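Engineer: Just so it is clear, I am handing over model-v8.txt, which has compact mmCIF, C-alpha atoms.
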# COMPACT_ATOMS: atom_id res chain seq x y z
CA MET E 1 -13.03 -9.93 0.78
CA LYS E 2 -15.48 -8.75 -1.76
CA LEU E 3 -14.70 -7.27 -5.06
CA PHE E 4 -16.93 -4.36 -5.82
CA ARG E 5 -17.36 -3.22 -9.35
CA ILE E 6 -18.44 0.32 -9.40
CA VAL E 7 -19.58 2.05 -12.47
CA ALA E 8 -17.93 5.42 -12.12
CA LEU E 9 -15.68 7.61 -10.06
CA THR E 10 -15.84 5.59 -6.87
CA CYS E 11 -12.29 5.96 -5.76
CA ALA E 12 -11.99 9.59 -6.64
CA VAL E 13 -15.11 10.56 -4.75
CA SER E 14 -14.74 8.36 -1.72
CA LEU E 15 -11.07 8.83 -1.04
CA THR E 16 -10.43 12.40 -1.92
CA ALA E 17 -13.44 13.40 0.13
CA CYS E 18 -11.69 12.47 3.36
CA SER E 19 -8.06 13.12 2.60
CA SER E 20 -6.03 16.25 2.44
CA THR E 21 -4.65 17.53 -0.82
CA ALA E 22 -2.03 19.75 0.75
CA PRO E 23 1.55 18.81 -0.16
CA VAL E 24 3.41 16.74 2.42
CA SER E 25 5.74 18.83 4.56
CA THR E 26 9.40 18.42 3.67
CA THR E 27 10.56 19.42 7.14
CA ASP E 28 8.24 17.42 9.40
CA GLU E 29 10.45 14.76 10.96
CA SER E 30 7.53 12.84 12.46
CA LEU E 31 6.45 11.54 9.05
CA SER E 32 7.23 8.08 7.70
CA LEU E 33 7.80 6.58 4.29
CA VAL E 34 5.40 3.68 3.66
CA TYR E 35 5.55 1.36 0.67
CA GLY E 36 4.47 -1.98 -0.68
CA TYR E 37 3.78 -3.94 -3.82
CA PHE E 38 0.66 -5.50 -5.37
CA ASP E 39 0.95 -8.06 -8.16
CA MET E 40 -2.32 -7.78 -10.10
CA LYS E 41 -1.39 -10.07 -13.02
CA ASP E 42 -4.48 -12.22 -12.46
CA ALA E 43 -6.85 -9.40 -11.54
CA PRO E 44 -9.49 -7.79 -13.75
CA THR E 45 -7.58 -4.49 -13.74
CA LYS E 46 -4.23 -3.05 -12.81
CA VAL E 47 -3.94 -1.25 -9.50
CA GLN E 48 -3.84 2.52 -9.95
CA TRP E 49 -4.50 3.79 -6.45
CA VAL E 50 -4.23 2.37 -2.94
CA GLY E 51 -6.04 3.65 0.16
CA LEU E 52 -4.10 3.42 3.43
CA LYS E 53 -6.65 3.77 6.21
CA GLN E 54 -5.92 4.89 9.73
CA TYR E 55 -7.51 2.87 12.54
CA GLY E 56 -7.90 3.33 16.26
CA GLY E 57 -10.98 4.78 17.88
CA LYS E 58 -12.83 7.12 15.64
CA GLU E 59 -11.97 6.49 12.00
CA ILE E 60 -9.64 9.30 11.13
CA GLY E 61 -8.89 9.20 7.45
CA THR E 62 -7.24 7.58 4.51
CA TYR E 63 -4.02 8.33 2.66
CA ARG E 64 -4.29 7.85 -1.04
CA MET E 65 -1.10 6.35 -2.34
CA GLY E 66 0.11 6.54 -5.89
CA VAL E 67 1.05 3.40 -7.78
CA GLU E 68 3.66 2.68 -10.41
CA ASP E 69 3.64 -0.85 -11.86
CA GLY E 70 2.42 -2.37 -8.61
CA LEU E 71 4.73 -0.34 -6.36
CA PHE E 72 2.72 1.93 -4.04
CA PHE E 73 4.06 4.41 -1.52
CA HIS E 74 3.48 7.56 0.49
CA VAL E 75 6.21 9.90 1.75
CA GLY E 76 4.28 11.54 4.59
CA VAL E 77 2.43 9.13 6.88
CA GLU E 78 1.84 10.29 10.45
CA PRO E 79 2.25 7.95 13.45
CA GLY E 80 -0.71 5.61 13.97
CA SER E 81 -2.18 2.25 13.04
CA TYR E 82 -2.83 1.64 9.37
CA GLN E 83 -3.67 -0.94 6.77
CA VAL E 84 -4.61 -0.96 3.12
CA ASP E 85 -8.39 -0.73 3.13
CA LYS E 86 -9.29 -0.38 -0.53
CA PHE E 87 -7.49 -0.13 -3.79
CA GLY E 88 -8.59 0.18 -7.35
CA GLY E 89 -7.98 0.61 -10.99
CA SER E 90 -9.72 0.54 -14.31
CA SER E 91 -9.45 -0.90 -17.73
CA PHE E 92 -11.14 0.02 -20.99
CA LEU E 93 -12.85 -3.35 -21.17
CA ARG E 94 -14.00 -3.71 -17.58
CA GLY E 95 -14.42 -0.16 -16.32
CA ASP E 96 -13.58 1.02 -12.81
CA TYR E 97 -12.99 -1.44 -10.00
CA THR E 98 -12.67 -0.93 -6.27
CA TYR E 99 -11.17 -3.84 -4.37
CA ASN E 100 -12.29 -4.00 -0.74
CA PHE E 101 -9.39 -5.42 1.26
CA GLY E 102 -9.90 -4.06 4.76
CA GLY E 103 -13.49 -4.76 5.73
CA LYS E 104 -12.99 -7.82 7.90
CA GLY E 105 -10.47 -7.08 10.60
CA ARG E 106 -6.71 -6.97 10.31
CA ASN E 107 -5.08 -7.87 7.01
CA SER E 108 -1.47 -8.61 6.17
CA THR E 109 -0.66 -4.98 5.38
CA ALA E 110 -1.47 -3.81 8.93
CA VAL E 111 1.23 -1.71 10.52
CA ARG E 112 1.65 0.30 13.71
CA ILE E 113 3.84 3.33 13.12
CA GLN E 114 5.11 4.47 16.48
CA SER E 115 8.26 6.25 15.41
CA PRO E 116 9.26 7.88 12.11
CA GLY E 117 10.96 5.58 9.64
CA VAL E 118 10.38 3.42 6.60
CA TYR E 119 7.66 0.78 6.71
CA PHE E 120 7.20 -2.02 4.21
CA LEU E 121 3.63 -3.31 3.90
CA GLY E 122 4.74 -6.41 2.04
CA ALA E 123 4.40 -7.78 -1.47
CA HIS E 124 1.04 -9.34 -2.25
CA ARG E 125 -0.43 -11.24 -5.15
CA TYR E 126 -4.06 -11.06 -6.29
CA VAL E 127 -5.68 -14.51 -6.26
CA ALA E 128 -9.27 -14.91 -7.45
CA HIS E 129 -11.57 -17.56 -6.06
CA GLU E 130 -15.31 -18.07 -6.38
CA GLY E 131 -16.19 -14.49 -7.21
CA GLU E 132 -14.05 -13.11 -4.43
CA PHE E 133 -10.35 -12.56 -4.03
CA ASP E 134 -7.43 -12.82 -1.64
CA MET E 135 -4.29 -10.76 -1.53
CA GLN E 136 -1.76 -13.43 -0.69
CA PRO E 137 1.65 -12.49 0.69
CA ALA E 138 4.27 -13.08 -2.01
CA LYS E 139 7.95 -13.88 -1.66
CA SER E 140 8.79 -11.95 -4.78
CA PRO E 141 9.56 -9.15 -5.21
CA THR E 142 11.48 -8.95 -1.94
CA GLU E 143 11.54 -5.88 0.26
CA LYS E 144 15.00 -5.13 -1.12
CA GLU E 145 13.78 -5.21 -4.72
CA VAL E 146 10.76 -3.05 -3.96
CA LEU E 147 12.90 -0.58 -2.04
CA GLN E 148 15.42 -0.35 -4.90
CA ARG E 149 12.58 0.59 -7.24
CA LEU E 150 11.24 3.11 -4.74
CA ILE E 151 14.65 4.75 -4.33
CA LYS E 152 14.95 5.08 -8.09
CA GLN E 153 11.56 6.73 -8.16
CA LEU E 154 12.48 9.16 -5.37
CA GLU E 155 15.71 10.01 -7.16
CA ASN E 156 14.22 10.50 -10.62
CA ASP E 157 10.78 11.99 -10.03
CA GLY E 158 11.21 15.76 -9.90
CA SER E 159 8.09 16.24 -7.78
CA LEU E 160 9.64 14.04 -5.07
CA ALA E 161 13.11 15.58 -5.16
CA GLN E 162 12.47 17.73 -2.09
CA TYR E 163 11.86 14.69 0.16
CA THR E 164 15.54 14.17 0.85
CA ARG E 165 14.96 12.92 4.41
CA GLN E 166 12.72 10.13 3.11
CA LEU E 167 15.31 9.25 0.47
CA LYS E 168 18.01 9.09 3.15
CA LEU E 169 15.81 6.84 5.33
CA ALA E 170 15.15 4.56 2.34
CA ARG E 171 18.86 4.27 1.55
CA GLU E 172 19.63 3.49 5.19
CA ARG E 173 17.02 0.74 5.17
CA LEU E 174 18.38 -0.66 1.91
CA ALA E 175 21.83 -0.85 3.46
CA GLN E 176 20.37 -3.04 6.20
CA LEU E 177 18.83 -5.54 3.78
CA MET J 1 -17.73 -10.27 -7.77
CA LYS J 2 -20.72 -8.34 -6.61
CA SER J 3 -22.09 -5.03 -7.56
CA ALA J 4 -21.92 -2.39 -4.92
CA LEU J 5 -25.52 -1.60 -5.70
CA ILE J 6 -26.71 -4.91 -4.32
CA ALA J 7 -24.34 -5.16 -1.41
CA ALA J 8 -26.52 -3.47 1.16
CA ALA J 9 -26.76 -5.70 4.15
CA ALA J 10 -29.78 -3.74 5.25
CA PHE J 11 -31.81 -5.11 2.41
CA ILE J 12 -30.60 -8.61 3.09
CA LEU J 13 -31.76 -8.35 6.65
CA VAL J 14 -35.22 -7.08 5.97
CA SER J 15 -35.97 -9.10 2.89
CA CYS J 16 -34.44 -12.56 3.28
CA VAL J 17 -33.54 -13.20 6.88
CA THR J 18 -35.69 -13.78 9.93
CA VAL J 19 -34.11 -11.88 12.81
CA SER J 20 -34.62 -12.57 16.49
CA GLU J 21 -33.87 -9.42 18.51
CA ASP J 22 -35.42 -9.96 21.89
CA VAL J 23 -37.86 -12.36 23.57
CA LYS J 24 -40.28 -10.54 25.86
CA SER J 25 -42.45 -13.46 26.92
CA ALA J 26 -41.87 -17.21 27.20
CA ARG J 27 -45.00 -17.64 25.05
CA ASP J 28 -43.07 -16.12 22.13
CA VAL J 29 -40.97 -19.29 22.01
CA GLY J 30 -42.92 -22.08 20.29
CA ALA J 31 -42.36 -25.82 20.54
CA ASP J 32 -40.09 -25.75 17.52
CA SER J 33 -37.81 -23.10 19.04
CA VAL J 34 -35.57 -22.62 22.02
CA MET J 35 -34.64 -19.49 23.94
CA LEU J 36 -30.94 -18.65 24.15
CA VAL J 37 -29.76 -16.68 27.16
CA GLY J 38 -26.27 -15.25 27.22
CA LYS J 39 -24.11 -12.20 26.81
CA ILE J 40 -21.55 -10.86 24.35
CA GLU J 41 -18.84 -8.55 25.61
CA ILE J 42 -16.37 -6.79 23.34
CA VAL J 43 -13.09 -5.86 25.01
CA PRO J 44 -12.61 -2.90 24.90
CA PRO J 45 -16.31 -2.09 24.48
CA ILE J 46 -17.35 -0.46 21.22
CA LYS J 47 -17.99 3.24 21.70
CA PRO J 48 -21.04 4.67 19.93
CA GLU J 49 -18.88 6.91 17.73
CA GLU J 50 -16.97 3.88 16.43
CA GLN J 51 -20.01 2.55 14.56
CA GLN J 52 -21.17 4.33 11.46
CA TYR J 53 -24.41 3.59 9.68
CA ARG J 54 -25.42 5.74 6.74
CA ALA J 55 -27.32 3.64 4.25
CA GLY J 56 -29.72 6.18 2.86
CA TRP J 57 -33.47 5.88 3.21
CA ASP J 58 -34.21 3.49 6.07
CA ALA J 59 -37.93 2.84 5.99
CA PHE J 60 -37.63 -0.34 8.06
CA ASN J 61 -35.26 1.14 10.67
CA THR J 62 -32.64 -1.47 9.88
CA LYS J 63 -30.08 0.71 11.66
CA ARG J 64 -31.30 -0.77 14.94
CA HIS J 65 -29.95 -4.18 13.89
CA PHE J 66 -26.40 -2.79 13.66
CA ILE J 67 -25.80 -0.20 16.33
CA GLY J 68 -24.80 -1.79 19.64
CA ARG J 69 -25.75 -5.26 18.44
CA ALA J 70 -24.20 -8.36 16.96
CA ILE J 71 -25.61 -10.36 14.06
CA LEU J 72 -25.23 -14.12 14.36
CA PHE J 73 -26.33 -16.23 11.41
CA THR J 74 -27.43 -19.72 12.37
CA SER J 75 -27.91 -22.91 10.42
CA ASP J 76 -28.58 -26.63 10.71
CA THR J 77 -25.14 -27.32 9.22
CA PRO J 78 -21.80 -25.84 10.26
CA GLN J 79 -21.24 -24.11 6.92
CA TYR J 80 -22.27 -20.56 6.11
CA ARG J 81 -24.28 -20.33 2.94
CA ASP J 82 -25.60 -17.25 1.20
CA HIS J 83 -29.14 -18.43 1.78
CA THR J 84 -28.72 -18.96 5.52
CA SER J 85 -32.02 -17.44 6.51
CA TYR J 86 -32.05 -17.00 10.26
CA ALA J 87 -30.09 -14.59 12.41
CA LEU J 88 -29.87 -13.72 16.07
CA ASN J 89 -29.48 -10.03 16.77
CA PRO J 90 -28.50 -9.75 20.43
CA PRO J 91 -27.52 -6.48 22.09
CA LEU J 92 -23.88 -6.17 23.16
CA GLU J 93 -22.74 -5.87 26.76
CA GLU J 94 -26.04 -6.99 28.33
CA THR J 95 -27.80 -10.28 28.95
CA PHE J 96 -29.77 -11.23 25.86
CA PHE J 97 -32.84 -13.41 25.38
CA VAL J 98 -33.32 -14.53 21.78
CA LYS J 99 -35.21 -17.26 19.99
CA LEU J 100 -33.69 -19.92 17.78
CA PRO J 101 -35.23 -22.73 15.69
CA LYS J 102 -34.39 -26.02 17.39
CA ASP J 103 -32.78 -27.48 14.30
CA HIS J 104 -30.28 -24.60 14.05
CA ARG J 105 -27.49 -25.84 16.26
CA TYR J 106 -24.68 -23.85 14.60
CA VAL J 107 -23.73 -20.21 14.59
CA VAL J 108 -22.10 -20.09 11.18
CA LYS J 109 -21.20 -16.42 10.91
CA GLY J 110 -21.14 -13.68 13.50
CA SER J 111 -20.10 -10.07 13.43
CA VAL J 112 -20.58 -6.55 14.66
CA THR J 113 -20.90 -4.06 11.84
CA MET J 114 -18.46 -1.23 12.44
CA SER J 115 -19.43 0.74 9.38
CA LEU J 116 -22.05 0.49 6.70
CA VAL J 117 -21.91 3.64 4.67
CA SER J 118 -23.36 4.30 1.28
CA ARG J 119 -21.71 6.91 -0.87
CA ALA J 120 -23.09 8.47 -4.00
CA THR J 121 -20.53 7.95 -6.72
CA SER J 122 -22.43 9.53 -9.56
CA ALA J 123 -25.94 10.66 -10.35
CA ARG J 124 -27.02 7.04 -10.80
CA THR J 125 -24.69 4.96 -8.68
CA VAL J 126 -23.78 4.38 -5.05
CA SER J 127 -21.11 2.30 -3.41
CA MET J 128 -21.45 0.59 -0.04
CA ASP J 129 -18.48 0.57 2.33
CA GLN J 130 -18.79 -2.08 5.01
CA SER J 131 -16.41 -3.15 7.73
CA GLU J 132 -17.07 -5.72 10.41
CA LEU J 133 -15.62 -7.17 13.55
CA VAL J 134 -15.90 -10.83 12.64
CA PHE J 135 -16.41 -13.49 15.32
CA PRO J 136 -14.77 -16.89 15.29
CA ALA J 137 -17.14 -19.41 13.66
CA PRO J 138 -18.66 -21.91 13.45
CA ILE J 139 -19.82 -22.30 17.03
CA GLU J 140 -21.87 -25.31 18.05
CA LEU J 141 -24.82 -25.00 20.41
CA ASP J 142 -25.53 -27.87 22.78
CA LEU J 143 -29.24 -28.19 21.98
CA ARG J 144 -31.27 -31.15 23.26
CA PRO J 145 -34.76 -32.23 22.24
CA GLY J 146 -36.51 -31.23 25.48
CA ASP J 147 -34.90 -27.79 25.78
CA GLN J 148 -37.10 -24.74 26.12
CA ALA J 149 -34.29 -22.40 27.14
CA ILE J 150 -30.54 -22.75 27.46
CA TYR J 151 -27.84 -20.57 28.95
CA ILE J 152 -24.81 -20.32 26.66
CA GLY J 153 -22.45 -18.15 28.75
CA THR J 154 -20.75 -14.79 28.35
CA LEU J 155 -18.69 -14.67 25.19
CA ARG J 156 -15.87 -12.15 25.67
CA MET J 157 -14.11 -11.07 22.53
CA HIS J 158 -10.94 -9.04 22.73
CA ARG J 159 -10.19 -6.84 19.72
CA ASP J 160 -7.44 -4.67 18.36
CA GLU J 161 -7.69 -1.32 16.63
CA PHE J 162 -8.18 -3.02 13.25
CA HIS J 163 -11.43 -4.60 14.47
CA GLU J 164 -9.79 -8.01 14.59
CA VAL J 165 -10.76 -10.45 17.35
CA THR J 166 -7.45 -11.31 18.99
CA LYS J 167 -8.76 -13.54 21.76
CA ALA J 168 -12.10 -15.14 22.59
CA GLU J 169 -13.05 -16.56 25.95
CA LEU J 170 -16.17 -17.86 27.59
CA ARG J 171 -17.24 -16.99 31.12
CA ASP J 172 -19.92 -18.71 33.14
CA ASP J 173 -22.18 -15.98 34.59
CA TYR J 174 -25.13 -18.31 35.13
CA ALA J 175 -26.19 -16.95 38.52
CA ALA J 176 -26.26 -13.32 37.35
CA ALA J 177 -28.06 -14.23 34.14
CA MET J 178 -30.68 -16.25 36.02
CA LYS J 179 -31.41 -13.26 38.24
CA GLU J 180 -32.35 -11.32 35.11
CA TYR J 181 -34.19 -14.28 33.64
CA ARG J 182 -36.39 -14.60 36.74
CA LYS J 183 -37.25 -10.91 36.59
CA ARG J 184 -38.35 -11.16 32.99
CA PHE J 185 -39.87 -14.65 32.93
CA ALA J 186 -41.18 -15.10 36.47
CA GLY J 187 -42.40 -18.65 37.13
CA GLU J 188 -40.85 -20.16 34.02
CA PRO J 189 -38.42 -23.07 34.36
CA LEU J 190 -34.80 -21.95 34.42
CA PRO J 191 -32.64 -22.44 31.33
CA ARG J 192 -30.34 -25.44 31.24
CA LYS J 193 -26.67 -24.53 31.34
CA ALA J 194 -25.22 -25.40 27.93
CA LEU J 195 -22.07 -23.34 27.50
CA LEU J 196 -20.91 -22.59 23.98
CA LYS J 197 -18.22 -24.66 22.43
CA ARG J 198 -16.11 -23.94 19.38
CA ARG J 199 -16.59 -26.60 16.77
How does this structure look as structure tokens?
Structural biologist:
Amino acid sequence: MKLFRIVALTCAVSLTACSSTAPVSTTDESLSLVYGYFDMKDAPTKVQWVGLKQYGGKEIGTYRMGVEDGLFFHVGVEPGSYQVDKFGGSSFLRGDYTYNFGGKGRNSTAVRIQSPGVYFLGAHRYVAHEGEFDMQPAKSPTEKEVLQRLIKQLENDGSLAQYTRQLKLARERLAQL
Amino acid sequence: MKSALIAAAAFILVSCVTVSEDVKSARDVGADSVMLVGKIEIVPPIKPEEQQYRAGWDAFNTKRHFIGRAILFTSDTPQYRDHTSYALNPPLEETFFVKLPKDHRYVVKGSVTMSLVSRATSARTVSMDQSELVFPAPIELDLRPGDQAIYIGTLRMHRDEFHEVTKAELRDDYAAAMKEYRKRFAGEPLPRKALLKRR
């Protein structure tokens, strides 16, 4: 996995160019809630966006997921095969970074969404080595801890209040953990 | 960490790496080289629309190295190094005839490029998005001092939708390959069978 430092606007241009900006339907019951966690303590920048790419035949598109302190999620992912392809962030000192995570086959965030539900892509930790990096699966935070944070976010963020079905699915999953 | 501006594999191929695409005549293979005969099959086969190549100005037609072909870097040691300077560039899904230096007995990195796309990110910058279907490596070639040509088999690589090789197998199609060899190199001695082995 290569770490690409890009001087300006990479993520905004490359991801928004192929993704829709329409709000996610609140009534579409085919959509899934997808979430995960990246620990970027040892990385050059924080993570501020995550690209969830759809695979299978012709490349179809990428969901851009928002991030809050390492927690990333999307409330409206259609059925299909996905994995985190790129993510990025910036810092005043180092500028904008795009981290290329999906260029060499399947990675540990890969998921096949065949029926609507909640899908955890795992917790991963950034580990640097010899100018490159790995995203290593991490035991902490657990799915339960990440989901608790996500539920809080869904409950408290006014712009997400309408996604009651996703909140219900998340609570049901939490009850199973 | 590498700048996106210098990540273009196209430049690497034309500037630093000798690439063997196809041997037309046995005379093209000197005493210090050996001809490899074999085949690479991807299961399911890669459809043309699955590969994307948009790397801007392409004065050297480097696109031809990527579309419908594999790139196999070879070396005299089993480790891939950035300065590995020789690559085989066989077509997929058909019998290939390529030339290899005799001291390069290892395939140290192999892949099919699924996408190599440059995107303008500002008036002065571009980024390069690359994704590959990466082959298992290293692979050792059974080269012997007297070899002029060897047959290495049909390497069948099964993949999933994430461009991950999920299974690799080798099939011995010597008879069919020799039929094609005779057509192309009439009168030349037949290649020795030296099937690939994973190191």
Engineer: Extract, using only C-alpha atoms, all DNA, RNA and protein residues at most 8 Å from Gln148 of chain J, discarding same-chain residues fewer than 3 positions from it, and format them as a list in words.
Structural biologist: Val29, Ala31, Ser33, Val34, Met35 and Pro191 of chain J
Engineer: Contacts of segment 86-93 of chain E at 7 Å or less, counting only C-alpha atoms, minus same-chain residues fewer than 4 places along, as an MDAnalysis selection string?
Structural biologist: chainID E and resid 45:51 97:102
Engineer: Starting from the point (-39.3, -27.7, 16.7), work out which residues of protein, DNA or RNA have an atom no more than 8 Å away when counting all atoms listed in the file; state them as a list in words.
Structural biologist: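 Here the neighbourhood of the point contains Gly30, Ala31, Asp32, Ser33, Pro101, Lys102 and Asp103 of chain J.
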Engineer: With C-alpha atoms retained, export the selected residues as a short mmCIF file (atom, residue, chain, number, x, y, z; two decimals), keeping the file's coordinate frame.
Structural biologist:
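So the final result, stored in selection20.cif, reads:
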data_model
loop_
_atom_site.label_atom_id
_atom_site.label_comp_id
_atom_site.auth_asym_id
_atom_site.auth_seq_id
_atom_site.Cartn_x
_atom_site.Cartn_y
_atom_site.Cartn_z
CA GLY J 30 -42.92 -22.08 20.29
CA ALA J 31 -42.36 -25.82 20.54
CA ASP J 32 -40.09 -25.75 17.52
CA SER J 33 -37.81 -23.10 19.04
CA PRO J 101 -35.23 -22.73 15.69
CA LYS J 102 -34.39 -26.02 17.39
CA ASP J 103 -32.78 -27.48 14.30
#
Engineer: Could you state the separation of atom CA of Ala22 of chain E and atom CA of Gly70 of chain E in Å, given to one decimal place?
Structural biologist: 24.4 Å
Engineer: Given the choices E:Thr142, E:Thr109, E:Thr26, E:Thr21, which gets closest to chain J if the distance is worked out from only C-alpha atoms?
Structural biologist: E:Thr109
Engineer: Out of E:Lys53, E:Arg94, E:Lys104, E:Arg149, which residue has the shortest atom-to-atom distance to chain J when counting all atoms listed in the file?
Structural biologist: E:Lys104
Engineer: Expressed in Å to a single decimal, how great is the separation between atom CA of Leu92 of chain J and atom CA of Ile71 of chain J?
Structural biologist: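 Separating atom CA of Leu92 of chain J from atom CA of Ile71 of chain J is a distance of 10.2 Å.
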Engineer: Just segment 72-97 of chain J, please, as a JSON list (two decimals), in the first residue's frame (only N, CA and C atoms).
Structural biologist:
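That gives us result-v8.json:
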[["chain", "number", "residue", "atom", "x", "y", "z"],
["J", 72, "LEU", "N", 5.36, -9.10, -15.57],
["J", 72, "LEU", "CA", 6.06, -9.99, -14.64],
["J", 72, "LEU", "C", 7.50, -9.50, -14.51],
["J", 73, "PHE", "N", 7.83, -8.98, -13.35],
["J", 73, "PHE", "CA", 9.21, -8.52, -13.12],
["J", 73, "PHE", "C", 10.07, -9.73, -12.75],
["J", 74, "THR", "N", 11.25, -9.78, -13.33],
["J", 74, "THR", "CA", 12.13, -10.93, -13.08],
["J", 74, "THR", "C", 13.45, -10.45, -12.47],
["J", 75, "SER", "N", 14.14, -11.39, -11.84],
["J", 75, "SER", "CA", 15.38, -11.01, -11.18],
["J", 75, "SER", "C", 16.26, -12.25, -11.00],
["J", 76, "ASP", "N", 17.52, -12.01, -10.65],
["J", 76, "ASP", "CA", 18.43, -13.12, -10.37],
["J", 76, "ASP", "C", 18.35, -13.54, -8.91],
["J", 77, "THR", "N", 17.59, -12.80, -8.11],
["J", 77, "THR", "CA", 17.36, -13.20, -6.72],
["J", 77, "THR", "C", 15.84, -13.23, -6.49],
["J", 78, "PRO", "N", 15.39, -13.95, -5.48],
["J", 78, "PRO", "CA", 13.94, -14.06, -5.30],
["J", 78, "PRO", "C", 13.26, -12.84, -4.69],
["J", 79, "GLN", "N", 13.99, -11.78, -4.46],
["J", 79, "GLN", "CA", 13.39, -10.60, -3.83],
["J", 79, "GLN", "C", 13.11, -9.51, -4.87],
["J", 80, "TYR", "N", 11.95, -8.89, -4.75],
["J", 80, "TYR", "CA", 11.66, -7.74, -5.59],
["J", 80, "TYR", "C", 12.39, -6.52, -5.05],
["J", 81, "ARG", "N", 13.04, -5.82, -5.97],
["J", 81, "ARG", "CA", 13.69, -4.58, -5.57],
["J", 81, "ARG", "C", 13.23, -3.49, -6.51],
["J", 82, "ASP", "N", 13.26, -2.25, -6.04],
["J", 82, "ASP", "CA", 12.77, -1.16, -6.88],
["J", 82, "ASP", "C", 13.55, -1.06, -8.20],
["J", 83, "HIS", "N", 14.79, -1.50, -8.19],
["J", 83, "HIS", "CA", 15.57, -1.37, -9.41],
["J", 83, "HIS", "C", 15.56, -2.64, -10.26],
["J", 84, "THR", "N", 14.68, -3.58, -9.93],
["J", 84, "THR", "CA", 14.52, -4.73, -10.82],
["J", 84, "THR", "C", 14.23, -4.21, -12.22],
["J", 85, "SER", "N", 15.06, -4.60, -13.19],
["J", 85, "SER", "CA", 15.06, -3.84, -14.44],
["J", 85, "SER", "C", 14.57, -4.63, -15.64],
["J", 86, "TYR", "N", 14.01, -5.80, -15.43],
["J", 86, "TYR", "CA", 13.56, -6.58, -16.57],
["J", 86, "TYR", "C", 12.14, -7.08, -16.30],
["J", 87, "ALA", "N", 11.32, -7.00, -17.32],
["J", 87, "ALA", "CA", 9.93, -7.46, -17.14],
["J", 87, "ALA", "C", 9.46, -8.20, -18.38],
["J", 88, "LEU", "N", 8.69, -9.24, -18.14],
["J", 88, "LEU", "CA", 7.99, -9.94, -19.21],
["J", 88, "LEU", "C", 6.61, -9.31, -19.32],
["J", 89, "ASN", "N", 6.12, -9.23, -20.53],
["J", 89, "ASN", "CA", 4.82, -8.56, -20.73],
["J", 89, "ASN", "C", 3.93, -9.43, -21.62],
["J", 90, "PRO", "N", 3.61, -10.64, -21.13],
["J", 90, "PRO", "CA", 2.87, -11.57, -21.99],
["J", 90, "PRO", "C", 1.39, -11.20, -22.11],
["J", 91, "PRO", "N", 0.79, -11.52, -23.27],
["J", 91, "PRO", "CA", -0.65, -11.33, -23.39],
["J", 91, "PRO", "C", -1.38, -12.36, -22.54],
["J", 92, "LEU", "N", -2.58, -12.01, -22.08],
["J", 92, "LEU", "CA", -3.40, -12.94, -21.30],
["J", 92, "LEU", "C", -4.19, -13.83, -22.24],
["J", 93, "GLU", "N", -4.50, -15.03, -21.76],
["J", 93, "GLU", "CA", -5.45, -15.93, -22.41],
["J", 93, "GLU", "C", -4.95, -16.49, -23.75],
["J", 94, "GLU", "N", -3.68, -16.34, -24.07],
["J", 94, "GLU", "CA", -3.15, -16.95, -25.29],
["J", 94, "GLU", "C", -1.71, -17.38, -25.04],
["J", 95, "THR", "N", -1.24, -18.32, -25.85],
["J", 95, "THR", "CA", 0.13, -18.80, -25.66],
["J", 95, "THR", "C", 1.10, -17.66, -25.93],
["J", 96, "PHE", "N", 2.02, -17.46, -25.00],
["J", 96, "PHE", "CA", 2.99, -16.37, -25.18],
["J", 96, "PHE", "C", 4.38, -16.93, -25.45],
["J", 97, "PHE", "N", 5.18, -16.09, -26.11],
["J", 97, "PHE", "CA", 6.58, -16.40, -26.40],
["J", 97, "PHE", "C", 7.37, -15.15, -26.02]]
